>>> print(open('coords_20.cif').read())   # mmCIF, C-alpha atoms and all ligand atoms
data_final
loop_
_atom_site.label_atom_id
_atom_site.label_comp_id
_atom_site.auth_asym_id
_atom_site.auth_seq_id
_atom_site.Cartn_x
_atom_site.Cartn_y
_atom_site.Cartn_z
CA MET G 10 0.00 0.00 0.00
CA VAL G 11 1.35 3.36 -0.93
CA VAL G 12 0.26 6.95 -1.17
CA VAL G 13 0.39 8.20 -4.76
CA ARG G 14 0.98 11.90 -5.18
CA LEU G 15 1.03 13.97 -8.35
CA ASP G 16 2.55 17.39 -7.92
CA ARG G 17 1.73 19.90 -10.65
CA VAL G 18 2.07 17.32 -13.42
CA THR G 19 1.78 18.44 -17.03
CA LYS G 20 2.03 16.25 -20.10
CA ILE G 21 2.30 17.84 -23.51
CA PHE G 22 2.62 15.42 -26.41
CA LYS G 23 4.76 15.93 -29.50
CA GLY G 24 3.00 18.40 -31.75
CA GLY G 25 1.81 20.38 -28.75
CA VAL G 26 -1.34 18.41 -27.82
CA VAL G 27 -2.05 18.91 -24.14
CA GLY G 28 -2.65 15.58 -22.37
CA VAL G 29 -3.00 16.96 -18.85
CA LYS G 30 -2.22 20.35 -17.40
CA ASP G 31 -0.96 21.14 -13.91
CA ILE G 32 -2.54 18.19 -12.15
CA SER G 33 -2.06 17.86 -8.40
CA LEU G 34 -3.72 14.93 -6.72
CA THR G 35 -3.05 12.71 -3.73
CA ILE G 36 -4.44 9.19 -3.56
CA LYS G 37 -4.34 7.82 -0.02
CA HIS G 38 -3.24 4.43 1.32
CA GLY G 39 -5.68 1.81 0.11
CA GLU G 40 -7.98 4.37 -1.40
CA PHE G 41 -10.19 3.71 -4.42
CA MET G 42 -9.94 6.85 -6.52
CA ALA G 43 -11.97 7.21 -9.71
CA LEU G 44 -10.75 9.49 -12.48
CA LEU G 45 -13.93 10.58 -14.19
CA GLY G 46 -14.31 12.72 -17.29
CA PRO G 47 -15.45 12.80 -20.91
CA SER G 48 -13.53 11.30 -23.83
CA GLY G 49 -10.21 13.03 -24.46
CA SER G 50 -10.14 14.74 -21.07
CA GLY G 51 -6.80 13.21 -20.04
CA LYS G 52 -7.82 10.22 -17.90
CA SER G 53 -5.65 7.59 -19.60
CA THR G 54 -2.77 10.06 -19.85
CA THR G 55 -2.89 10.52 -16.07
CA LEU G 56 -2.93 6.78 -15.53
CA TYR G 57 0.02 6.18 -17.88
CA LEU G 58 1.95 8.93 -16.13
CA ILE G 59 1.41 7.13 -12.82
CA ALA G 60 2.39 3.82 -14.43
CA GLY G 61 5.56 5.33 -15.90
CA ILE G 62 4.59 4.63 -19.50
CA TYR G 63 4.58 8.40 -20.11
CA LYS G 64 7.12 10.85 -18.69
CA PRO G 65 5.68 14.16 -17.51
CA THR G 66 6.73 17.29 -19.36
CA SER G 67 6.91 18.96 -15.96
CA GLY G 68 5.95 18.17 -12.36
CA ARG G 69 6.79 15.25 -10.08
CA ILE G 70 5.16 11.96 -9.12
CA TYR G 71 5.71 10.35 -5.71
CA PHE G 72 4.94 6.92 -4.28
CA ASP G 73 5.03 7.61 -0.55
CA ASP G 74 8.14 9.76 -0.16
CA ARG G 75 9.89 8.20 -3.12
CA ASP G 76 10.17 10.36 -6.23
CA VAL G 77 9.31 7.93 -9.05
CA THR G 78 9.13 10.53 -11.83
CA ASN G 79 12.07 9.02 -13.71
CA LEU G 80 11.54 5.37 -12.81
CA PRO G 81 10.59 3.00 -15.65
CA PRO G 82 7.28 1.10 -15.28
CA LYS G 83 8.94 -2.15 -14.23
CA ASP G 84 10.49 -0.49 -11.17
CA ARG G 85 7.24 1.04 -9.91
CA ASN G 86 5.43 -2.16 -8.95
CA VAL G 87 2.10 -1.13 -10.43
CA GLY G 88 -0.55 -3.46 -11.84
CA LEU G 89 -2.15 -2.03 -14.96
CA VAL G 90 -5.31 -3.14 -16.73
CA PHE G 91 -5.55 -1.44 -20.10
CA GLN G 92 -8.64 0.07 -21.68
CA ASN G 93 -9.11 -2.96 -23.99
CA TRP G 94 -7.51 -5.47 -21.57
CA ALA G 95 -6.08 -7.47 -24.44
CA LEU G 96 -4.97 -10.93 -23.35
CA TYR G 97 -2.27 -12.85 -25.20
CA PRO G 98 -4.41 -14.92 -27.60
CA HIS G 99 -1.89 -17.72 -28.09
CA MET G 100 -1.49 -18.30 -24.34
CA LYS G 101 -3.83 -20.17 -22.06
CA VAL G 102 -5.30 -18.35 -19.09
CA TYR G 103 -2.65 -19.79 -16.77
CA GLU G 104 0.18 -18.47 -18.91
CA ASN G 105 -1.54 -15.12 -19.37
CA ILE G 106 -1.65 -14.64 -15.62
CA ALA G 107 1.84 -16.07 -15.09
CA PHE G 108 3.39 -13.82 -17.72
CA PRO G 109 4.44 -10.88 -15.47
CA LEU G 110 6.03 -13.34 -13.03
CA ARG G 111 7.98 -15.05 -15.82
CA LEU G 112 9.36 -11.64 -16.79
CA LYS G 113 10.60 -11.37 -13.23
CA LYS G 114 12.13 -14.84 -13.57
CA LEU G 115 10.51 -16.12 -10.39
CA PRO G 116 10.89 -19.82 -9.55
CA GLU G 117 8.30 -22.10 -11.15
CA GLU G 118 6.81 -23.12 -7.82
CA GLU G 119 6.20 -19.59 -6.66
CA ILE G 120 4.65 -18.71 -10.01
CA LYS G 121 2.24 -21.61 -9.68
CA ARG G 122 1.30 -20.73 -6.12
CA ARG G 123 0.63 -17.09 -6.95
CA VAL G 124 -1.32 -17.81 -10.14
CA LEU G 125 -3.55 -20.29 -8.31
CA ASP G 126 -4.09 -17.90 -5.41
CA VAL G 127 -5.17 -15.02 -7.56
CA ALA G 128 -7.24 -17.23 -9.86
CA ARG G 129 -9.15 -18.59 -6.88
CA MET G 130 -9.75 -15.10 -5.55
CA LEU G 131 -11.23 -14.04 -8.88
CA GLN G 132 -13.08 -17.33 -9.34
CA ILE G 133 -11.38 -18.24 -12.59
CA ASP G 134 -9.43 -21.21 -11.25
CA LYS G 135 -11.53 -23.58 -13.35
CA LEU G 136 -10.62 -21.70 -16.53
CA LEU G 137 -6.83 -21.84 -16.34
CA ASP G 138 -6.57 -24.38 -19.13
CA ARG G 139 -8.60 -22.39 -21.66
CA TYR G 140 -7.55 -19.93 -24.32
CA PRO G 141 -8.90 -16.36 -24.14
CA TRP G 142 -11.25 -16.95 -27.08
CA GLN G 143 -12.93 -19.70 -25.09
CA LEU G 144 -13.98 -17.23 -22.39
CA SER G 145 -16.89 -14.82 -22.00
CA GLY G 146 -16.19 -11.10 -21.82
CA GLY G 147 -16.57 -11.03 -18.06
CA GLN G 148 -14.19 -13.96 -17.65
CA GLN G 149 -11.59 -12.37 -19.92
CA GLN G 150 -11.86 -9.21 -17.93
CA ARG G 151 -11.20 -11.12 -14.72
CA VAL G 152 -8.15 -12.74 -16.27
CA ALA G 153 -6.83 -9.28 -17.15
CA ILE G 154 -7.35 -8.17 -13.55
CA ALA G 155 -5.70 -11.36 -12.27
CA ARG G 156 -2.68 -10.63 -14.46
CA ALA G 157 -2.43 -7.17 -12.90
CA LEU G 158 -2.86 -8.48 -9.34
CA VAL G 159 -0.51 -11.46 -9.53
CA LYS G 160 2.50 -9.16 -9.21
CA GLU G 161 1.14 -8.10 -5.81
CA PRO G 162 1.37 -4.49 -6.92
CA ASP G 163 1.58 -1.50 -4.60
CA VAL G 164 -0.78 0.39 -6.89
CA LEU G 165 -3.55 -0.96 -9.09
CA LEU G 166 -4.34 1.09 -12.20
CA LEU G 167 -7.47 0.29 -14.16
CA ASP G 168 -8.40 2.02 -17.41
CA GLU G 169 -12.12 1.59 -18.18
CA PRO G 170 -11.84 -2.11 -17.31
CA LEU G 171 -15.57 -2.78 -17.65
CA SER G 172 -16.26 -0.87 -20.86
CA ASN G 173 -16.35 -3.99 -23.03
CA LEU G 174 -18.98 -5.70 -20.90
CA ASP G 175 -22.73 -5.54 -21.34
CA ALA G 176 -24.76 -3.43 -18.92
CA ILE G 177 -25.89 -6.23 -16.58
CA LEU G 178 -22.48 -7.85 -16.35
CA ARG G 179 -20.91 -4.45 -15.70
CA ILE G 180 -23.03 -3.91 -12.65
CA SER G 181 -22.28 -7.33 -11.18
CA VAL G 182 -18.55 -7.15 -11.90
CA ARG G 183 -18.28 -3.65 -10.50
CA ALA G 184 -19.64 -4.83 -7.16
CA GLU G 185 -17.14 -7.71 -7.12
CA LEU G 186 -14.27 -5.45 -8.03
CA LYS G 187 -15.11 -3.01 -5.29
CA ARG G 188 -15.25 -5.83 -2.73
CA LEU G 189 -11.96 -7.23 -3.90
CA GLN G 190 -10.28 -3.83 -3.74
CA LYS G 191 -11.44 -3.30 -0.18
CA LYS G 192 -10.35 -6.79 0.82
CA LEU G 193 -6.87 -6.39 -0.65
CA GLY G 194 -6.57 -2.76 0.38
CA ILE G 195 -4.47 -1.87 -2.68
CA THR G 196 -4.30 1.81 -3.55
CA THR G 197 -6.40 1.87 -6.72
CA ILE G 198 -6.92 4.39 -9.47
CA TYR G 199 -9.84 3.63 -11.70
CA VAL G 200 -10.45 5.47 -14.95
CA THR G 201 -13.99 5.71 -16.26
CA HIS G 202 -16.25 8.02 -18.23
CA ASP G 203 -19.30 6.41 -16.63
CA GLN G 204 -20.51 8.64 -13.82
CA ALA G 205 -22.72 5.93 -12.30
CA GLU G 206 -19.75 3.58 -12.10
CA ALA G 207 -17.58 6.22 -10.40
CA LEU G 208 -20.31 7.11 -7.90
CA ALA G 209 -20.98 3.46 -7.11
CA MET G 210 -17.39 2.30 -6.70
CA ALA G 211 -15.08 5.04 -5.58
CA ASP G 212 -14.07 6.34 -2.15
CA ARG G 213 -13.33 9.62 -3.88
CA ILE G 214 -13.76 10.91 -7.41
CA ALA G 215 -11.46 13.27 -9.30
CA LEU G 216 -13.38 14.96 -12.09
CA ILE G 217 -11.21 15.84 -15.04
CA ASN G 218 -12.08 18.06 -17.99
CA GLU G 219 -9.85 19.30 -20.79
CA GLY G 220 -6.73 18.04 -19.05
CA ARG G 221 -7.45 19.68 -15.71
CA ILE G 222 -8.83 18.42 -12.43
CA VAL G 223 -12.04 20.28 -11.73
CA GLN G 224 -13.07 18.80 -8.39
CA VAL G 225 -12.04 16.04 -6.02
CA GLY G 226 -14.35 14.66 -3.37
CA THR G 227 -16.41 11.77 -2.08
CA PRO G 228 -19.33 10.73 -4.28
CA GLU G 229 -21.68 12.62 -1.95
CA GLU G 230 -19.60 15.79 -2.08
CA VAL G 231 -19.21 15.98 -5.83
CA TYR G 232 -22.84 15.02 -6.40
CA ASN G 233 -24.42 17.36 -3.87
CA ARG G 234 -21.96 20.23 -4.07
CA PRO G 235 -20.66 20.40 -7.64
CA ALA G 236 -17.88 22.99 -7.95
CA THR G 237 -18.77 23.87 -11.52
CA VAL G 238 -21.52 23.62 -14.12
CA PHE G 239 -19.44 20.91 -15.78
CA VAL G 240 -19.51 18.71 -12.67
CA GLY G 241 -23.25 19.23 -12.08
CA GLY G 242 -23.94 18.46 -15.73
CA PHE G 243 -21.68 15.40 -15.79
CA LEU G 244 -23.03 13.63 -12.71
CA GLY G 245 -26.52 12.26 -12.43
CA ASN G 246 -28.91 10.62 -14.83
CA PRO G 247 -30.52 12.81 -15.99
CA PRO G 248 -27.90 15.37 -14.94
CA MET G 249 -28.48 18.67 -13.15
CA ASN G 250 -30.75 21.19 -14.88
CA PHE G 251 -29.55 24.70 -15.55
CA LEU G 252 -31.48 27.92 -16.13
CA GLU G 253 -29.87 31.28 -16.64
CA ALA G 254 -31.33 34.19 -14.69
CA GLU G 255 -30.86 37.85 -13.99
CA VAL G 256 -30.33 38.98 -10.42
CA GLU G 257 -32.80 41.51 -9.06
CA ASP G 258 -31.80 42.91 -5.68
CA LEU G 259 -34.72 44.64 -3.98
CA ASP G 260 -32.73 45.27 -0.79
CA LYS G 261 -35.30 43.43 1.34
CA GLU G 262 -34.90 40.33 -0.76
CA ILE G 263 -33.26 39.05 -3.92
CA PHE G 264 -35.05 37.57 -6.89
CA LEU G 265 -33.80 35.60 -9.86
CA VAL G 266 -35.57 36.59 -13.06
CA ILE G 267 -36.04 34.04 -15.82
CA GLY G 268 -37.80 35.62 -18.77
CA LYS G 269 -41.22 36.76 -17.58
CA TYR G 270 -40.99 34.91 -14.28
CA ARG G 271 -38.99 35.19 -11.13
CA ILE G 272 -38.17 33.08 -8.13
CA ARG G 273 -36.89 34.17 -4.77
CA ALA G 274 -33.16 33.53 -4.45
CA PRO G 275 -32.29 31.07 -1.65
CA GLU G 276 -31.42 33.22 1.36
CA ARG G 277 -28.06 31.59 1.95
CA TYR G 278 -26.94 33.14 -1.35
CA TRP G 279 -27.94 36.72 -0.60
CA SER G 280 -24.69 37.80 1.04
CA ILE G 281 -22.67 35.95 -1.60
CA ILE G 282 -24.53 37.66 -4.46
CA ARG G 283 -24.02 41.05 -2.83
CA ARG G 284 -20.38 40.43 -2.05
CA LEU G 285 -19.60 39.33 -5.60
CA LYS G 286 -21.93 41.96 -7.11
CA THR G 287 -23.37 39.18 -9.25
CA LYS G 288 -25.64 40.34 -12.09
CA ARG G 289 -26.42 37.02 -13.72
CA VAL G 290 -26.45 33.48 -12.41
CA ILE G 291 -27.00 29.96 -13.61
CA ILE G 292 -29.51 28.18 -11.40
CA GLY G 293 -28.68 24.49 -11.00
CA PHE G 294 -31.22 22.00 -9.68
CA ARG G 295 -31.36 18.23 -9.84
CA PRO G 296 -34.25 16.32 -11.47
CA GLU G 297 -34.89 14.38 -8.26
CA ASP G 298 -34.84 17.48 -6.07
CA THR G 299 -37.71 19.17 -7.86
CA SER G 300 -41.42 18.62 -7.65
CA ILE G 301 -44.16 19.19 -10.18
CA LYS G 302 -47.41 20.80 -9.03
CA PRO G 303 -50.59 21.55 -10.94
CA GLU G 304 -50.69 24.96 -9.31
CA SER G 305 -48.51 26.88 -6.93
CA LEU G 306 -48.09 30.32 -5.46
CA ASP G 307 -44.80 29.39 -3.84
CA THR G 308 -42.07 31.93 -4.67
CA ILE G 309 -39.62 29.14 -5.54
CA CYS G 310 -41.85 27.67 -8.28
CA LEU G 311 -41.79 28.40 -12.00
CA PRO G 312 -44.50 27.75 -14.59
CA GLY G 313 -43.78 25.46 -17.50
CA ARG G 314 -45.35 23.25 -20.12
CA VAL G 315 -45.15 19.47 -20.22
CA TYR G 316 -43.01 18.75 -23.27
CA GLY G 317 -42.54 15.01 -22.92
CA ILE G 318 -42.93 12.10 -20.53
CA GLU G 319 -40.46 9.22 -20.37
CA PRO G 320 -41.70 6.29 -18.25
CA LEU G 321 -38.79 4.47 -16.62
CA GLY G 322 -40.76 1.82 -14.77
CA ARG G 323 -40.06 2.90 -11.20
CA GLU G 324 -40.52 6.58 -12.03
CA ASN G 325 -41.13 9.01 -14.87
CA ILE G 326 -38.80 11.54 -16.33
CA VAL G 327 -40.92 14.55 -17.20
CA VAL G 328 -39.48 17.04 -19.67
CA ILE G 329 -40.75 20.54 -19.04
CA GLU G 330 -40.32 23.58 -21.20
CA ILE G 331 -39.65 26.79 -19.33
CA GLY G 332 -39.22 29.92 -21.41
CA GLY G 333 -37.73 28.02 -24.33
CA GLU G 334 -35.42 25.86 -22.18
CA LEU G 335 -36.01 22.18 -21.46
CA VAL G 336 -35.52 20.76 -17.99
CA LYS G 337 -35.96 17.21 -16.75
CA ILE G 338 -37.71 16.23 -13.57
CA ILE G 339 -38.07 12.84 -11.97
CA SER G 340 -41.57 12.33 -10.67
CA GLY G 341 -43.49 9.46 -9.17
CA ARG G 342 -45.66 7.51 -11.56
CA ARG G 343 -48.84 8.39 -9.75
CA ILE G 344 -48.99 11.99 -10.88
CA SER G 345 -50.90 12.01 -14.17
CA LEU G 346 -49.78 14.55 -16.71
CA THR G 347 -50.67 15.18 -20.31
CA LEU G 348 -48.61 16.70 -23.08
CA ASP G 349 -48.68 20.51 -23.25
CA GLN G 350 -50.32 20.77 -19.86
CA MET G 351 -49.25 23.81 -17.84
CA VAL G 352 -47.63 22.93 -14.51
CA TRP G 353 -45.39 24.47 -11.86
CA ILE G 354 -41.97 23.15 -11.11
CA CYS G 355 -40.60 23.70 -7.64
CA PRO G 356 -36.92 23.00 -6.92
CA VAL G 357 -36.09 22.18 -3.32
CA MET G 358 -34.69 25.46 -2.03
CA GLU G 359 -31.84 23.94 0.00
CA LYS G 360 -30.61 21.89 -2.95
CA ILE G 361 -30.34 24.73 -5.46
CA ILE G 362 -26.79 25.62 -6.51
CA LEU G 363 -26.00 28.97 -8.12
CA PHE G 364 -23.17 29.28 -10.61
CA ASP G 365 -21.39 32.16 -12.29
CA PRO G 366 -22.18 32.15 -16.04
CA ALA G 367 -18.78 33.62 -16.98
CA THR G 368 -16.60 30.98 -15.29
CA GLY G 369 -19.08 28.18 -14.68
CA LYS G 370 -17.97 28.09 -11.03
CA ALA G 371 -20.31 27.75 -8.06
CA LEU G 372 -20.77 31.14 -6.39
CA ASP G 373 -19.69 29.96 -2.94
CA ARG G 374 -16.43 28.68 -4.49
CA LEU G 375 -15.83 32.10 -6.01
CA VAL G 376 -16.17 33.65 -2.56
CA VAL G 377 -13.61 31.20 -1.17
CA GLU G 378 -11.24 31.99 -4.06
CA GLU G 379 -11.70 35.70 -3.43
CA LYS G 380 -10.86 35.24 0.23
CA ILE G 381 -7.74 33.23 -0.63
CA ARG G 382 -6.59 35.97 -3.03
CA ALA G 383 -7.11 38.54 -0.31
CA ILE G 384 -4.75 36.76 2.09
N1 LIG S 1 0.21 9.42 -27.58
C1 LIG S 1 -0.42 10.58 -27.81
N2 LIG S 1 0.04 11.50 -28.67
C2 LIG S 1 -0.59 12.67 -28.88
N3 LIG S 1 -1.73 13.03 -28.25
C3 LIG S 1 -2.27 12.16 -27.39
C4 LIG S 1 -1.66 10.89 -27.10
N4 LIG S 1 -2.43 10.24 -26.19
C5 LIG S 1 -3.45 11.07 -25.92
N5 LIG S 1 -3.37 12.22 -26.63
C6 LIG S 1 -4.30 13.37 -26.56
O1 LIG S 1 -4.32 13.81 -25.22
C7 LIG S 1 -5.65 14.13 -24.80
C8 LIG S 1 -6.05 13.26 -23.63
O2 LIG S 1 -6.14 11.92 -24.06
P1 LIG S 1 -6.48 10.69 -23.11
O3 LIG S 1 -6.20 9.45 -23.86
O4 LIG S 1 -5.79 10.88 -21.82
O5 LIG S 1 -8.05 10.89 -22.91
P2 LIG S 1 -9.11 9.99 -22.11
O6 LIG S 1 -9.71 10.88 -21.08
O7 LIG S 1 -8.46 8.74 -21.66
O8 LIG S 1 -10.21 9.71 -23.23
P3 LIG S 1 -11.08 8.36 -23.56
O9 LIG S 1 -12.23 8.37 -22.60
O10 LIG S 1 -11.52 8.61 -24.96
O11 LIG S 1 -10.16 7.18 -23.42
C9 LIG S 1 -6.51 13.96 -26.04
O12 LIG S 1 -6.65 15.18 -26.66
C10 LIG S 1 -5.71 13.00 -26.90
O13 LIG S 1 -5.98 13.20 -28.26
MG MG S 2 -8.71 6.70 -22.19
#
>>> encode(input="coords_20.cif", output="structure tokens")
Amino acid sequence: MVVVRLDRVTKIFKGGVVGVKDISLTIKHGEFMALLGPSGSGKSTTLYLIAGIYKPTSGRIYFDDRDVTNLPPKDRNVGLVFQNWALYPHMKVYENIAFPLRLKKLPEEEIKRRVLDVARMLQIDKLLDRYPWQLSGGQQQRVAIARALVKEPDVLLLDEPLSNLDAILRISVRAELKRLQKKLGITTIYVTHDQAEALAMADRIALINEGRIVQVGTPEEVYNRPATVFVGGFLGNPPMNFLEAEVEDLDKEIFLVIGKYRIRAPERYWSIIRRLKTKRVIIGFRPEDTSIKPESLDTICLPGRVYGIEPLGRENIVVIEIGGELVKIISGRRISLTLDQMVWICPVMEKIILFDPATGKALDRLVVEEKIRAI
């Protein structure tokens, strides 16, 4: 078990393409850290930097207090499962798993013991005599993980290891993988673009966008308190809704004006809005933290038109048009709605997050940044 620390790491590829920019991140002993972001955001680059496959253009990487920045992959003791977890097709499962140990020229007996141990743990010990093409996707994926674990690595690096599996298998394997990680206690970095996977598996999530880390936190923190519009819009299914509004400060209270309508700004934001002299905001609210009412005089509710209804079995996703914008709301199945019906949508006041349209950052974060600058 080691602590992995990236200190202001930048990777610029030949030709000037930015892989990652100024990334600082600490992954604790035995922690399961997910790197989550869209395609091309720099997730695999970060993982390969930690593995030693890429050298950073600048910045340092530490395993505990050891500076590993210039160490080749073989001297870092990491287990890596690649994005497509290709197995060696001409080798049986046993030899696939044994391969990293053969490279280390371990004695035959120790190789056998370790391969059998790890195969049992991953419940593939009955498959050791098969070739990869004789395995299902989920079994192949387990072999790839076994091959990474057999080295008894200090750090386990997984790059979208479940992406080739079908939806049902993914969910069952992800539970197994999480259990295994906790049991072994190996510091693990798990790359995925699937927000549900990251939320379900990780101790903490680092959200990455355009080569930069946007927010790091527990699943609860990043879900409930997104630092930016990007984070709110990336997490959740459907993700957070956003409406742009003008700020109207009437001294006694503050309103947020959306087209012809206005809602009362949540009181906890009043001092922030005044401090930052905010003129416009983006109102963020989650589909599950909003109710739909046939009528309402509540100052937090907005009128809208039912644009579409998507039944999901357990609940409905109701698409509502508000002043030309579409928002999605999760509602119980019992409420009966018809297309084009006028309704009121009422976000839960305490769950609303206000963002700055210019930077996309949450207003309370901007206040913190301002305070830090002032020191
Ligand atoms: N070997 C390389 N040479 C040049 N550019 C690269 C190289 N590898 C990655 N890039 C670029 O660096 C950026 C980050 O790529 P990276 O592979 O880290 O993204 P990712 O988040 O893993 O995406 P995906 O989800 O599609 O796998 C992209 O713009 C990509 O085109
Ligand atoms: Mg990738």
>>> residues_near_ligand(input="coords_20.cif", ligand="ligand LIG 1 (chain S)", cutoff="6 Å", atoms="all atoms listed in the file", output="ChimeraX atom specification")
/G:22,26-28,47-54,202
>>> axis_aligned_box(input="coords_20.cif", around="range 340-348 of chain G", padding_each_side="4 Å", output="AutoDock Vina command-line options")
--center_x -46.2 --center_y 12.1 --center_z -16.1 --size_x 17.3 --size_y 17.2 --size_z 21.9
>>> closest_residue(input="coords_20.cif", among="G:Lys83, G:Trp142, G:Met100, G:Lys37", to="Lys113 in chain G", atoms="all atoms listed in the file")
G:Lys83
>>> residues_near_point(input="coords_20.cif", point="(-10.1, 20.2, -20.0)", cutoff="8 Å", atoms="only C-alpha atoms", output="PyMOL selection string")
chain G and resi 29+50-51+217-222
>>> write_last_selection(input="coords_20.cif", atoms="C-alpha atoms", output="PDB file, keeping the file's coordinate frame")
ATOM      1  CA  VAL G  29      -3.000  16.960 -18.850  1.00  0.00           C
ATOM      2  CA  SER G  50     -10.140  14.740 -21.070  1.00  0.00           C
ATOM      3  CA  GLY G  51      -6.800  13.210 -20.040  1.00  0.00           C
ATOM      4  CA  ILE G 217     -11.210  15.840 -15.040  1.00  0.00           C
ATOM      5  CA  ASN G 218     -12.080  18.060 -17.990  1.00  0.00           C
ATOM      6  CA  GLU G 219      -9.850  19.300 -20.790  1.00  0.00           C
ATOM      7  CA  GLY G 220      -6.730  18.040 -19.050  1.00  0.00           C
ATOM      8  CA  ARG G 221      -7.450  19.680 -15.710  1.00  0.00           C
ATOM      9  CA  ILE G 222      -8.830  18.420 -12.430  1.00  0.00           C
TER      10      ILE G 222
END
>>> closest_residue(input="coords_20.cif", among="G:Thr55, G:Thr35, G:Gln224, G:Gln149", to="ligand MG 2 (chain S)", atoms="all atoms listed in the file")
G:Thr55
>>> closest_residue(input="coords_20.cif", among="G:Pro248, G:Thr197, G:Phe91, G:Ile214", to="ligand MG 2 (chain S)", atoms="all atoms listed in the file")
G:Phe91
